[in-house]
>>> print(open('coords.txt').read())   # compact mmCIF, C-alpha atoms
# COMPACT_ATOMS: atom_id res chain seq x y z
CA MET A 1 -27.36 36.48 61.19
CA ILE A 2 -29.12 33.15 60.78
CA GLN A 3 -31.70 32.70 58.06
CA LEU A 4 -34.01 29.74 57.64
CA ASP A 5 -36.06 29.54 54.52
CA LYS A 6 -38.88 27.01 54.13
CA VAL A 7 -37.12 24.27 56.06
CA ASN A 8 -38.78 20.85 56.10
CA LYS A 9 -37.69 17.79 58.03
CA SER A 10 -39.34 14.39 58.32
CA PHE A 11 -38.38 11.20 60.08
CA GLY A 12 -40.10 8.41 58.20
CA SER A 13 -43.79 9.21 58.20
CA LEU A 14 -43.38 11.81 60.95
CA THR A 15 -43.15 15.41 59.80
CA ALA A 16 -41.03 17.19 62.43
CA LEU A 17 -40.73 20.58 60.74
CA ARG A 18 -42.94 22.10 58.11
CA GLU A 19 -41.94 25.11 55.99
CA VAL A 20 -40.13 26.85 58.84
CA THR A 21 -38.93 30.31 57.89
CA MET A 22 -37.22 32.51 60.45
CA GLN A 23 -34.47 35.01 60.93
CA VAL A 24 -32.15 35.49 63.90
CA GLU A 25 -30.46 38.87 63.84
CA ASP A 26 -27.20 39.82 65.52
CA GLY A 27 -27.60 41.81 68.73
CA HIS A 28 -30.83 40.06 69.65
CA ILE A 29 -31.75 37.22 71.97
CA PHE A 30 -33.96 34.76 70.19
CA GLY A 31 -36.44 32.62 72.09
CA LEU A 32 -38.16 29.56 70.72
CA VAL A 33 -41.24 28.30 72.56
CA GLY A 34 -43.27 25.16 72.05
CA THR A 35 -44.63 22.16 73.89
CA ASN A 36 -42.80 18.87 74.07
CA GLY A 37 -42.68 17.39 70.60
CA ALA A 38 -43.32 20.70 68.85
CA GLY A 39 -40.05 20.37 66.95
CA LYS A 40 -37.76 22.63 68.99
CA SER A 41 -34.91 20.17 69.34
CA THR A 42 -35.14 19.15 65.69
CA LEU A 43 -34.95 22.80 64.71
CA LEU A 44 -31.91 23.38 66.94
CA ARG A 45 -30.17 20.31 65.52
CA ILE A 46 -30.78 21.66 62.04
CA LEU A 47 -29.41 25.03 63.17
CA ALA A 48 -26.37 23.26 64.59
CA GLY A 49 -25.76 21.45 61.32
CA ILE A 50 -26.29 18.04 62.90
CA TYR A 51 -29.38 17.22 60.86
CA ARG A 52 -29.68 18.05 57.22
CA ALA A 53 -32.96 19.70 56.23
CA ASP A 54 -34.99 17.67 53.68
CA SER A 55 -35.59 20.89 51.81
CA GLY A 56 -35.12 24.60 52.38
CA GLN A 57 -32.09 26.61 53.38
CA VAL A 58 -30.18 27.18 56.61
CA LEU A 59 -27.73 30.04 56.22
CA TYR A 60 -25.33 31.74 58.63
CA ASP A 61 -24.40 35.13 57.15
CA GLY A 62 -25.26 33.62 53.79
CA ALA A 63 -23.27 30.37 54.17
CA PRO A 64 -24.92 26.97 54.59
CA VAL A 65 -24.18 25.22 57.88
CA TYR A 66 -24.41 21.55 56.99
CA GLU A 67 -20.94 19.98 56.62
CA ASN A 68 -19.41 23.46 56.69
CA ILE A 69 -16.61 23.53 59.26
CA PRO A 70 -15.87 27.31 59.34
CA VAL A 71 -19.54 27.99 60.08
CA LYS A 72 -19.83 25.21 62.63
CA GLN A 73 -16.80 26.55 64.50
CA GLU A 74 -18.96 29.57 65.32
CA ILE A 75 -21.79 27.47 66.77
CA PHE A 76 -22.02 25.74 70.13
CA TYR A 77 -25.05 23.54 70.61
CA ILE A 78 -26.01 22.80 74.22
CA SER A 79 -28.08 19.67 73.82
CA ASP A 80 -30.96 18.82 76.09
CA ASP A 81 -29.04 15.63 76.77
CA PRO A 82 -25.39 16.75 76.93
CA TYR A 83 -22.96 14.40 75.26
CA TYR A 84 -19.53 13.58 76.68
CA PHE A 85 -16.93 10.90 76.13
CA LEU A 86 -17.12 7.84 78.27
CA ASN A 87 -15.06 8.33 81.43
CA ALA A 88 -14.13 11.90 80.48
CA SER A 89 -13.70 14.71 83.01
CA ILE A 90 -14.47 18.40 82.31
CA ASP A 91 -10.78 19.03 81.70
CA GLU A 92 -10.64 16.25 79.14
CA MET A 93 -13.74 17.59 77.37
CA LYS A 94 -12.12 21.02 77.42
CA SER A 95 -9.06 19.71 75.55
CA TYR A 96 -11.42 18.27 72.95
CA TYR A 97 -13.41 21.48 72.51
CA ARG A 98 -10.26 23.59 72.46
CA ASN A 99 -9.25 21.80 69.29
CA LEU A 100 -12.64 22.45 67.70
CA TYR A 101 -13.10 26.11 68.57
CA PRO A 102 -10.26 28.40 67.42
CA ARG A 103 -11.09 31.21 69.88
CA PHE A 104 -11.44 28.90 72.92
CA ASP A 105 -10.77 31.06 75.98
CA GLN A 106 -8.70 29.16 78.54
CA ALA A 107 -8.79 32.06 81.03
CA LEU A 108 -12.57 32.31 80.87
CA TYR A 109 -12.85 28.55 81.29
CA THR A 110 -10.75 28.66 84.46
CA LYS A 111 -12.62 31.69 85.77
CA LEU A 112 -16.10 30.23 85.21
CA LEU A 113 -15.14 26.87 86.60
CA SER A 114 -13.66 28.35 89.76
CA GLY A 115 -16.93 30.17 90.36
CA LEU A 116 -18.76 26.85 90.42
CA ASP A 117 -18.22 24.01 92.74
CA LEU A 118 -17.15 21.61 89.99
CA ASP A 119 -14.05 19.43 90.17
CA PRO A 120 -12.36 19.62 86.74
CA ASN A 121 -10.88 16.16 87.17
CA ARG A 122 -13.94 14.27 88.33
CA LYS A 123 -15.56 11.93 85.79
CA LEU A 124 -18.60 13.53 84.18
CA HIS A 125 -20.68 10.36 84.52
CA THR A 126 -20.58 10.81 88.30
CA PHE A 127 -22.12 14.29 87.97
CA SER A 128 -25.77 15.02 88.72
CA LYS A 129 -27.97 16.33 85.91
CA GLY A 130 -27.60 19.92 87.10
CA MET A 131 -23.81 19.67 87.50
CA LEU A 132 -23.48 18.21 84.02
CA ARG A 133 -25.50 21.12 82.65
CA GLN A 134 -23.22 23.57 84.43
CA ALA A 135 -20.13 21.87 83.00
CA ILE A 136 -21.46 22.08 79.43
CA ILE A 137 -22.47 25.71 79.94
CA VAL A 138 -18.93 26.58 81.05
CA LEU A 139 -17.52 24.88 77.94
CA ALA A 140 -20.06 26.65 75.70
CA PHE A 141 -19.21 30.15 76.91
CA ALA A 142 -15.48 29.42 76.99
CA SER A 143 -15.66 28.30 73.35
CA ARG A 144 -16.31 31.98 72.47
CA SER A 145 -18.64 30.81 69.70
CA HIS A 146 -20.63 33.53 68.04
CA TYR A 147 -23.81 31.45 68.28
CA ILE A 148 -24.88 29.39 71.26
CA LEU A 149 -27.97 27.21 70.89
CA PHE A 150 -29.60 26.44 74.22
CA ASP A 151 -31.96 23.46 74.31
CA GLU A 152 -34.03 23.63 77.51
CA THR A 153 -30.83 24.64 79.25
CA PHE A 154 -32.48 26.29 82.23
CA ASP A 155 -34.14 23.00 83.15
CA GLY A 156 -32.41 21.30 86.01
CA LEU A 157 -30.52 24.42 87.08
CA ASP A 158 -31.08 25.98 90.47
CA PRO A 159 -32.31 29.62 90.57
CA VAL A 160 -28.84 31.00 91.35
CA MET A 161 -27.33 29.24 88.37
CA ARG A 162 -30.21 30.29 86.11
CA GLN A 163 -29.56 33.91 86.99
CA ALA A 164 -25.82 33.42 86.43
CA VAL A 165 -26.45 31.98 82.96
CA LYS A 166 -28.76 34.87 82.12
CA ARG A 167 -26.04 37.30 83.19
CA LEU A 168 -23.51 35.54 80.98
CA ILE A 169 -25.91 35.70 78.06
CA ALA A 170 -26.67 39.39 78.63
CA SER A 171 -22.97 40.30 78.88
CA GLY A 172 -22.14 38.29 75.79
CA VAL A 173 -24.84 40.02 73.76
CA ALA A 174 -23.93 43.47 75.09
CA GLU A 175 -20.35 42.93 73.99
CA ASN A 176 -21.70 42.06 70.57
CA GLU A 177 -20.02 38.70 70.55
CA LEU A 178 -22.92 36.40 71.13
CA VAL A 179 -26.14 35.53 69.36
CA PRO A 180 -28.11 33.19 71.62
CA VAL A 181 -31.00 31.02 70.48
CA ILE A 182 -32.89 29.70 73.48
CA ALA A 183 -35.49 26.95 73.17
CA SER A 184 -37.84 26.38 76.06
CA HIS A 185 -41.29 25.03 76.79
CA ASN A 186 -41.56 27.76 79.40
CA LEU A 187 -42.44 31.19 78.10
CA ARG A 188 -41.95 32.67 81.54
CA GLU A 189 -38.29 31.69 81.42
CA LEU A 190 -37.76 33.48 78.12
CA GLU A 191 -39.69 36.58 79.06
CA ASP A 192 -36.85 37.98 81.16
CA ILE A 193 -34.19 37.79 78.55
CA ALA A 194 -35.40 37.24 74.99
CA ASP A 195 -36.43 40.13 72.80
CA HIS A 196 -37.74 38.04 69.97
CA VAL A 197 -39.95 35.01 70.50
CA SER A 198 -41.22 32.45 68.02
CA VAL A 199 -43.82 29.82 68.75
CA LEU A 200 -43.42 26.40 67.22
CA HIS A 201 -46.48 24.17 67.17
CA ARG A 202 -46.57 20.73 65.57
CA GLY A 203 -43.57 21.57 63.41
CA SER A 204 -44.88 24.90 62.14
CA MET A 205 -43.96 28.41 63.16
CA VAL A 206 -47.25 29.90 64.25
CA LEU A 207 -46.10 33.21 65.70
CA ASP A 208 -42.90 35.15 65.31
CA MET A 209 -42.69 38.48 67.06
CA ARG A 210 -40.54 41.08 68.68
CA LEU A 211 -41.50 41.44 72.32
CA ASP A 212 -41.30 45.23 72.18
CA ASP A 213 -43.90 45.32 69.45
CA MET A 214 -46.10 42.88 71.33
CA ARG A 215 -45.90 44.76 74.58
CA ALA A 216 -46.60 48.15 73.10
CA ASP A 217 -50.03 49.54 73.85
CA ILE A 218 -51.80 46.46 75.08
CA TYR A 219 -53.64 46.58 78.40
CA LYS A 220 -56.00 44.63 80.55
CA ILE A 221 -58.73 46.68 82.17
CA GLN A 222 -60.95 45.51 84.97
CA CYS A 223 -63.94 47.69 85.54
CA ALA A 224 -67.41 47.71 87.02
CA PHE A 225 -70.37 49.83 86.05
CA SER A 226 -73.74 50.66 87.53
CA GLU A 227 -75.41 48.75 84.70
CA VAL A 228 -74.47 45.67 82.67
CA PRO A 229 -71.86 46.64 80.07
CA THR A 230 -72.26 45.58 76.44
CA PRO A 231 -69.57 45.19 73.73
CA GLN A 232 -71.14 48.12 71.85
CA TRP A 233 -69.86 50.46 74.54
CA PHE A 234 -66.29 49.90 73.44
CA GLN A 235 -66.74 49.34 69.72
CA ASP A 236 -64.41 52.23 68.90
CA LEU A 237 -61.55 50.44 70.68
CA ASP A 238 -59.52 47.51 69.37
CA VAL A 239 -60.85 45.01 71.92
CA ILE A 240 -59.01 41.68 71.77
CA GLN A 241 -60.90 39.99 74.57
CA MET A 242 -63.93 40.94 76.59
CA GLU A 243 -65.45 39.05 79.44
CA VAL A 244 -68.56 40.26 81.23
CA ARG A 245 -69.75 38.94 84.55
CA GLY A 246 -72.77 40.84 85.74
CA ARG A 247 -71.74 44.45 86.04
CA PHE A 248 -68.03 43.58 85.93
CA ALA A 249 -66.05 43.57 82.72
CA THR A 250 -62.51 42.47 81.92
CA LEU A 251 -61.16 43.80 78.65
CA VAL A 252 -57.93 43.26 76.78
CA VAL A 253 -57.44 46.23 74.52
CA ARG A 254 -54.78 47.24 72.04
CA ALA A 255 -54.63 51.04 72.17
CA PRO A 256 -52.69 53.82 73.91
CA LYS A 257 -53.48 53.93 77.61
CA ALA A 258 -54.97 57.44 77.55
CA GLU A 259 -57.37 56.46 74.80
CA ILE A 260 -58.59 53.39 76.71
CA LEU A 261 -59.02 55.33 79.94
CA ALA A 262 -61.03 58.03 78.16
CA ALA A 263 -63.32 55.48 76.51
CA VAL A 264 -63.97 53.58 79.74
CA GLN A 265 -64.34 56.69 81.87
CA ALA A 266 -66.97 58.00 79.45
CA ARG A 267 -69.17 55.14 80.71
CA GLU A 268 -68.74 56.33 84.30
CA PRO A 269 -67.34 53.18 85.89
CA VAL A 270 -67.77 52.74 89.62
CA PHE A 271 -64.40 51.00 89.62
CA MET A 272 -61.61 50.66 87.15
CA GLU A 273 -58.09 49.37 87.10
CA THR A 274 -55.54 48.85 84.32
CA ILE A 275 -53.07 46.03 84.67
CA PRO A 276 -50.07 45.49 82.41
CA LEU A 277 -50.34 42.12 80.69
CA THR A 278 -47.84 39.38 81.27
CA LEU A 279 -46.17 38.09 78.16
CA GLU A 280 -48.12 34.87 78.55
CA GLU A 281 -51.42 36.73 78.47
CA ILE A 282 -50.34 38.69 75.40
CA PHE A 283 -49.38 35.49 73.64
CA ILE A 284 -52.64 33.81 74.46
CA ALA A 285 -54.59 36.82 73.24
CA GLN A 286 -52.49 37.02 70.05
CA MET A 287 -52.70 33.33 69.27
CA GLU A 288 -56.42 33.14 69.85
CA GLY A 289 -56.61 36.09 67.49
CA ILE A 290 -55.09 33.95 64.73
CA GLY A 291 -57.24 30.95 65.58
CA TYR A 292 -55.15 28.80 67.92
CA GLU A 293 -56.29 27.36 71.21
CA ALA A 294 -53.21 28.88 72.83
CA LYS A 295 -53.68 27.42 76.27
CA HIS A 296 -52.78 23.98 74.95
CA ILE A 297 -49.68 25.27 73.21
CA LEU A 298 -48.12 27.36 75.92
CA LEU A 299 -49.15 25.90 79.24
CA MET B 1 -28.89 50.14 93.44
CA ILE B 2 -30.94 49.64 90.28
CA THR B 3 -33.03 46.52 90.65
CA ILE B 4 -35.61 44.52 88.75
CA ASP B 5 -38.60 42.61 90.07
CA SER B 6 -39.06 39.68 87.74
CA LYS B 7 -42.44 38.88 89.30
CA SER B 8 -43.86 42.32 88.61
CA ARG B 9 -46.26 42.67 85.71
CA LEU B 10 -44.54 45.86 84.62
CA PRO B 11 -42.16 45.34 81.70
CA PHE B 12 -38.47 45.55 82.68
CA TYR B 13 -38.02 48.59 80.52
CA GLU B 14 -40.66 50.52 82.48
CA GLN B 15 -39.29 49.25 85.79
CA LEU B 16 -35.84 50.55 84.90
CA VAL B 17 -37.19 53.95 83.89
CA GLU B 18 -39.28 54.27 87.05
CA ASN B 19 -36.46 53.04 89.22
CA ILE B 20 -33.97 55.59 87.92
CA ARG B 21 -36.50 58.41 88.05
CA ALA B 22 -37.23 57.56 91.68
CA LEU B 23 -33.51 57.49 92.51
CA VAL B 24 -33.06 60.93 90.95
CA LEU B 25 -36.10 62.41 92.72
CA SER B 26 -34.99 61.07 96.08
CA GLY B 27 -31.55 62.57 95.55
CA ALA B 28 -29.82 59.20 95.67
CA LEU B 29 -28.56 59.91 92.14
CA GLU B 30 -27.26 63.47 91.97
CA GLY B 31 -26.69 65.68 88.94
CA ASP B 32 -23.81 64.56 86.72
CA ALA B 33 -23.57 61.19 88.47
CA GLN B 34 -22.68 58.47 85.99
CA LEU B 35 -25.03 55.57 85.34
CA PRO B 36 -23.65 52.09 84.75
CA SER B 37 -23.07 51.32 81.07
CA VAL B 38 -25.69 49.36 79.16
CA ARG B 39 -23.32 46.41 79.05
CA GLN B 40 -22.61 46.51 82.75
CA LEU B 41 -26.23 46.88 83.87
CA ALA B 42 -27.56 44.21 81.51
CA GLY B 43 -24.84 41.85 82.72
CA GLU B 44 -25.53 42.56 86.38
CA LEU B 45 -29.29 42.16 86.12
CA GLY B 46 -29.21 39.33 83.59
CA ILE B 47 -31.60 41.10 81.25
CA ASN B 48 -31.52 41.92 77.58
CA PRO B 49 -29.07 44.76 76.75
CA ASN B 50 -31.61 46.13 74.29
CA THR B 51 -34.04 46.60 77.18
CA VAL B 52 -31.49 48.69 79.08
CA GLN B 53 -30.70 50.65 75.92
CA LYS B 54 -34.38 51.38 75.41
CA ALA B 55 -34.82 52.57 79.01
CA TYR B 56 -31.79 54.88 78.71
CA ALA B 57 -33.07 56.26 75.41
CA SER B 58 -36.43 57.03 76.98
CA LEU B 59 -34.78 58.71 80.00
CA GLU B 60 -32.67 60.80 77.67
CA GLN B 61 -35.70 61.83 75.65
CA THR B 62 -37.53 63.00 78.76
CA GLY B 63 -34.50 64.95 79.95
CA VAL B 64 -33.62 62.83 82.98
CA ILE B 65 -30.21 61.79 81.71
CA TYR B 66 -27.78 62.97 79.07
CA THR B 67 -25.31 61.03 76.98
CA VAL B 68 -21.72 61.96 76.33
CA PRO B 69 -20.61 59.93 73.32
CA GLY B 70 -17.76 57.66 74.26
CA ARG B 71 -18.07 58.41 77.97
CA GLY B 72 -21.47 57.20 79.03
CA ASN B 73 -24.79 58.29 80.51
CA PHE B 74 -25.11 60.93 83.22
CA ILE B 75 -27.91 62.35 85.36
CA CYS B 76 -29.16 65.83 84.39
CA SER B 77 -28.75 68.40 87.18
CA ASP B 78 -31.96 70.15 86.21
CA THR B 79 -34.79 68.07 87.64
CA THR B 80 -37.52 70.67 87.12
CA ALA B 81 -39.27 68.73 84.37
CA LEU B 82 -39.01 65.47 86.29
CA ARG B 83 -40.45 67.07 89.43
CA ALA B 84 -43.29 68.69 87.52
CA ASP B 85 -44.12 65.39 85.86
CA ARG B 86 -44.06 63.50 89.13
CA GLY B 87 -46.22 66.20 90.71
CA GLU B 88 -48.81 65.79 87.98
CA SER B 89 -48.94 62.03 88.37
CA LEU B 90 -49.23 62.29 92.17
CA LEU B 91 -52.05 64.83 91.84
CA GLU B 92 -53.85 62.38 89.57
CA GLN B 93 -53.40 59.67 92.20
CA LEU B 94 -54.77 62.06 94.80
CA ARG B 95 -57.74 62.76 92.57
CA GLN B 96 -58.46 59.03 92.36
CA LEU B 97 -58.17 58.72 96.13
CA VAL B 98 -60.50 61.67 96.70
CA LEU B 99 -62.94 60.08 94.27
CA GLN B 100 -62.92 56.91 96.35
CA LEU B 101 -63.41 58.94 99.54
CA ARG B 102 -66.31 60.78 97.97
CA ARG B 103 -67.92 57.46 97.02
CA LEU B 104 -67.55 56.30 100.60
CA GLY B 105 -69.54 59.37 101.63
CA ILE B 106 -66.67 61.13 103.33
CA GLY B 107 -67.36 64.86 103.15
CA GLN B 108 -65.24 67.54 101.52
CA GLU B 109 -64.47 69.17 104.89
CA ARG B 110 -62.77 66.09 106.28
CA VAL B 111 -60.68 65.56 103.16
CA ALA B 112 -59.68 69.23 103.07
CA ALA B 113 -58.85 69.14 106.78
CA CYS B 114 -56.62 66.14 106.22
CA VAL B 115 -54.73 67.94 103.44
CA GLN B 116 -54.38 71.11 105.53
CA GLU B 117 -53.01 69.15 108.46
CA VAL B 118 -50.19 67.74 106.34
CA TYR B 119 -49.22 71.21 105.11
CA LYS B 120 -49.34 72.61 108.67
CA GLU B 121 -46.88 69.94 109.81
CA GLU B 122 -44.40 71.30 107.29
CA GLN B 123 -44.79 74.86 108.62
CA ARG B 124 -44.16 73.69 112.19
CA GLN B 125 -40.96 71.99 111.12
>>> encode(input="coords.txt", output="structure tokens")
Amino acid sequence: MIQLDKVNKSFGSLTALREVTMQVEDGHIFGLVGTNGAGKSTLLRILAGIYRADSGQVLYDGAPVYENIPVKQEIFYISDDPYYFLNASIDEMKSYYRNLYPRFDQALYTKLLSGLDLDPNRKLHTFSKGMLRQAIIVLAFASRSHYILFDETFDGLDPVMRQAVKRLIASGVAENELVPVIASHNLRELEDIADHVSVLHRGSMVLDMRLDDMRADIYKIQCAFSEVPTPQWFQDLDVIQMEVRGRFATLVVRAPKAEILAAVQAREPVFMETIPLTLEEIFIAQMEGIGYEAKHILL
Amino acid sequence: MITIDSKSRLPFYEQLVENIRALVLSGALEGDAQLPSVRQLAGELGINPNTVQKAYASLEQTGVIYTVPGRGNFICSDTTALRADRGESLLEQLRQLVLQLRRLGIGQERVAACVQEVYKEEQRQ
């Protein structure tokens, strides 16, 4: 389990992270969303023990990460801009990582590499962006680290490879060996796999939720009536959003489906349809609820 | 066999439940057939293992599958409850359709005739 308590980080006059408190539990897939410059990479570097927090605590199962080798041996950080030694090949990087990670799995490394069209002896600097990403991903999973920190890792990967990485993540978590933390500017990308999503905005954590809780009992209803609907009609429901255009109304409501249907049907709609909300819509509704102009943060 | 549509608005958990229910109703999954393990299915589909676990738990609660500790998840042979439930939801869909027909001004006789025709086909077979 990773615990962050009131972490602050500044670079000169720039405050990158402000009082960030979060918890990453074992058995879960943690997603971190935010626009460019929100502080995602800074947060991951603090999680990886690369940066030292100005104040606050970063604990892995109770132990601080910074300058702590036993803890860092359990963490693999996949940087947005993967680092490799000048003129090194994948095989040479593997020898390096094998010395750092005690459980490095040579068999898994060979297996993953053979599934990709990557030459283990070719120099990494001749690789394309996507190939380089693939190489680092192979090394990360083969390291058998308990924690893998993904920084915009799906960027630059083709759809087949994205799916393959998601499968690796899912298997790792199911076997209880892996705790992934995935940072992305794209909520859509996280929706498939994460079960806990936090939103970082200008260095602060503005929303931190389990997707199951968010998804429970929230619906979008499109309906039309023979007269113009008013908000009073639905005052007994927990209406998050309501938009009326003439006799048409679009509502976002947090309540059990049966309850919503009963309330709307009581007004004798000429047409009605309930649509499950996408995660993005739920986020926007939630964030506007706490006073953020969510469209600027997520899209 | 069990698939996920990542473009659908339905949450994966509901898709999995619906998918397995449909496979059981169609007979593609027979009584006592074993479902893939949570680990296996999550790995194959590339989705969160907790999502698969949640779908299995819901299927077990509604009597579609049963769990043998240490061995896995299996389909229940008795599909009575599942059939009854599906019947109810289809009747509700039919009600909605009839409502639309009524609004279009299509008379009761024509709707009833249409229903009768379908049942007659079965008798002929």
>>> residues_around(input="coords.txt", residues="Arg9 (chain B)", least_positions_apart="3", cutoff="9 Å", atoms="only C-alpha atoms", output="PyMOL selection string")
(chain A and resi 275-279) or (chain B and resi 5-6+12)
>>> residues_around(input="coords.txt", residues="region 231-239 of chain A", least_positions_apart="2", cutoff="7 Å", atoms="all atoms listed in the file", output="ChimeraX atom specification")
/A:229,241-242,251-255
>>> interface_residues(input="coords.txt", of="chain B", to="chain A", cutoff="9 Å", atoms="only C-alpha atoms", output="MDAnalysis selection string")
chainID B and resid 6 8:12 38:51 103
>>> residues_near_point(input="coords.txt", point="(-46.0, 24.8, 67.2)", cutoff="12 Å", atoms="only C-alpha atoms", output="ChimeraX atom specification")
/A:16-20,32-40,43,185,198-208,287,292-294,296-298
>>> residues_around(input="coords.txt", residues="Asp61 (chain A)", least_positions_apart="5", cutoff="8 Å", atoms="only C-alpha atoms", output="list of chain:residue names")
A:Met1, A:Ile2, A:Gln3
>>> atom_distance(input="coords.txt", atom1="CA of Leu139 (chain A)", atom2="CA of Asp81 (chain A)")
14.8 Å
>>> atom_distance(input="coords.txt", atom1="CA of Val179 (chain A)", atom2="CA of Tyr13 (chain B)")
20.9 Å
>>> closest_residue(input="coords.txt", among="A:Ile182, A:Ile69, A:Leu14, A:Leu118", to="Ile90 (chain A)", atoms="only C-alpha atoms")
A:Leu118
>>> atom_distance(input="coords.txt", atom1="CA of Asn73 (chain B)", atom2="CA of Glu60 (chain B)")
8.7 Å
>>> closest_residue(input="coords.txt", among="B:Gln108, B:Ser37, B:Gln116, B:Gln100", to="Gln53 (chain B)", atoms="all atoms listed in the file")
B:Ser37
>>> residues_around(input="coords.txt", residues="Leu29 (chain B)", least_positions_apart="4", cutoff="10 Å", atoms="all atoms listed in the file", output="PyMOL selection string")
chain B and resi 1+20-25+33-35+74-77
>>> residues_near_point(input="coords.txt", point="(-30.4, 26.3, 70.4)", cutoff="7 Å", atoms="only C-alpha atoms", output="PyMOL selection string")
chain A and resi 44+77-78+148-151+181-183
>>> residues_around(input="coords.txt", residues="Ala258 (chain A)", least_positions_apart="5", cutoff="12 Å", atoms="all atoms listed in the file", output="VMD selection string")
chain A and resid 217 to 219 237 253 263 to 265 274
>>> axis_aligned_box(input="coords.txt", around="region 49-67 of chain B", padding_each_side="4 Å", output="JSON")
{"center_x": -31.4, "center_y": 54.9, "center_z": 78.6, "size_x": 20.2, "size_y": 28.2, "size_z": 16.7}
>>> decode(input="coords.txt", residues="region 6-33 of chain B", atoms="C-alpha atoms", output="PDB file, in the first residue's frame")
ATOM      1  CA  SER B   6     -15.288  -0.938 -24.845  1.00  0.00           C
ATOM      2  CA  LYS B   7     -17.331   1.576 -26.837  1.00  0.00           C
ATOM      3  CA  SER B   8     -20.594   0.633 -25.173  1.00  0.00           C
ATOM      4  CA  ARG B   9     -21.938   2.958 -22.519  1.00  0.00           C
ATOM      5  CA  LEU B  10     -22.795   0.006 -20.311  1.00  0.00           C
ATOM      6  CA  PRO B  11     -20.248  -0.579 -17.546  1.00  0.00           C
ATOM      7  CA  PHE B  12     -18.057  -3.659 -18.118  1.00  0.00           C
ATOM      8  CA  TYR B  13     -19.483  -5.296 -15.054  1.00  0.00           C
ATOM      9  CA  GLU B  14     -23.015  -5.146 -16.468  1.00  0.00           C
ATOM     10  CA  GLN B  15     -21.807  -6.256 -19.892  1.00  0.00           C
ATOM     11  CA  LEU B  16     -20.187  -9.337 -18.367  1.00  0.00           C
ATOM     12  CA  VAL B  17     -23.324 -10.217 -16.401  1.00  0.00           C
ATOM     13  CA  GLU B  18     -25.570  -9.784 -19.439  1.00  0.00           C
ATOM     14  CA  ASN B  19     -23.180 -11.661 -21.662  1.00  0.00           C
ATOM     15  CA  ILE B  20     -23.027 -14.706 -19.410  1.00  0.00           C
ATOM     16  CA  ARG B  21     -26.775 -14.690 -18.806  1.00  0.00           C
ATOM     17  CA  ALA B  22     -27.356 -14.641 -22.558  1.00  0.00           C
ATOM     18  CA  LEU B  23     -24.911 -17.521 -23.076  1.00  0.00           C
ATOM     19  CA  VAL B  24     -26.732 -19.580 -20.446  1.00  0.00           C
ATOM     20  CA  LEU B  25     -30.190 -18.804 -21.858  1.00  0.00           C
ATOM     21  CA  SER B  26     -29.118 -19.698 -25.377  1.00  0.00           C
ATOM     22  CA  GLY B  27     -27.723 -22.995 -24.119  1.00  0.00           C
ATOM     23  CA  ALA B  28     -24.190 -22.149 -25.200  1.00  0.00           C
ATOM     24  CA  LEU B  29     -23.162 -22.531 -21.553  1.00  0.00           C
ATOM     25  CA  GLU B  30     -24.743 -25.663 -20.127  1.00  0.00           C
ATOM     26  CA  GLY B  31     -25.337 -26.631 -16.503  1.00  0.00           C
ATOM     27  CA  ASP B  32     -22.147 -27.388 -14.555  1.00  0.00           C
ATOM     28  CA  ALA B  33     -19.953 -25.924 -17.288  1.00  0.00           C
TER      29      ALA B  33
END
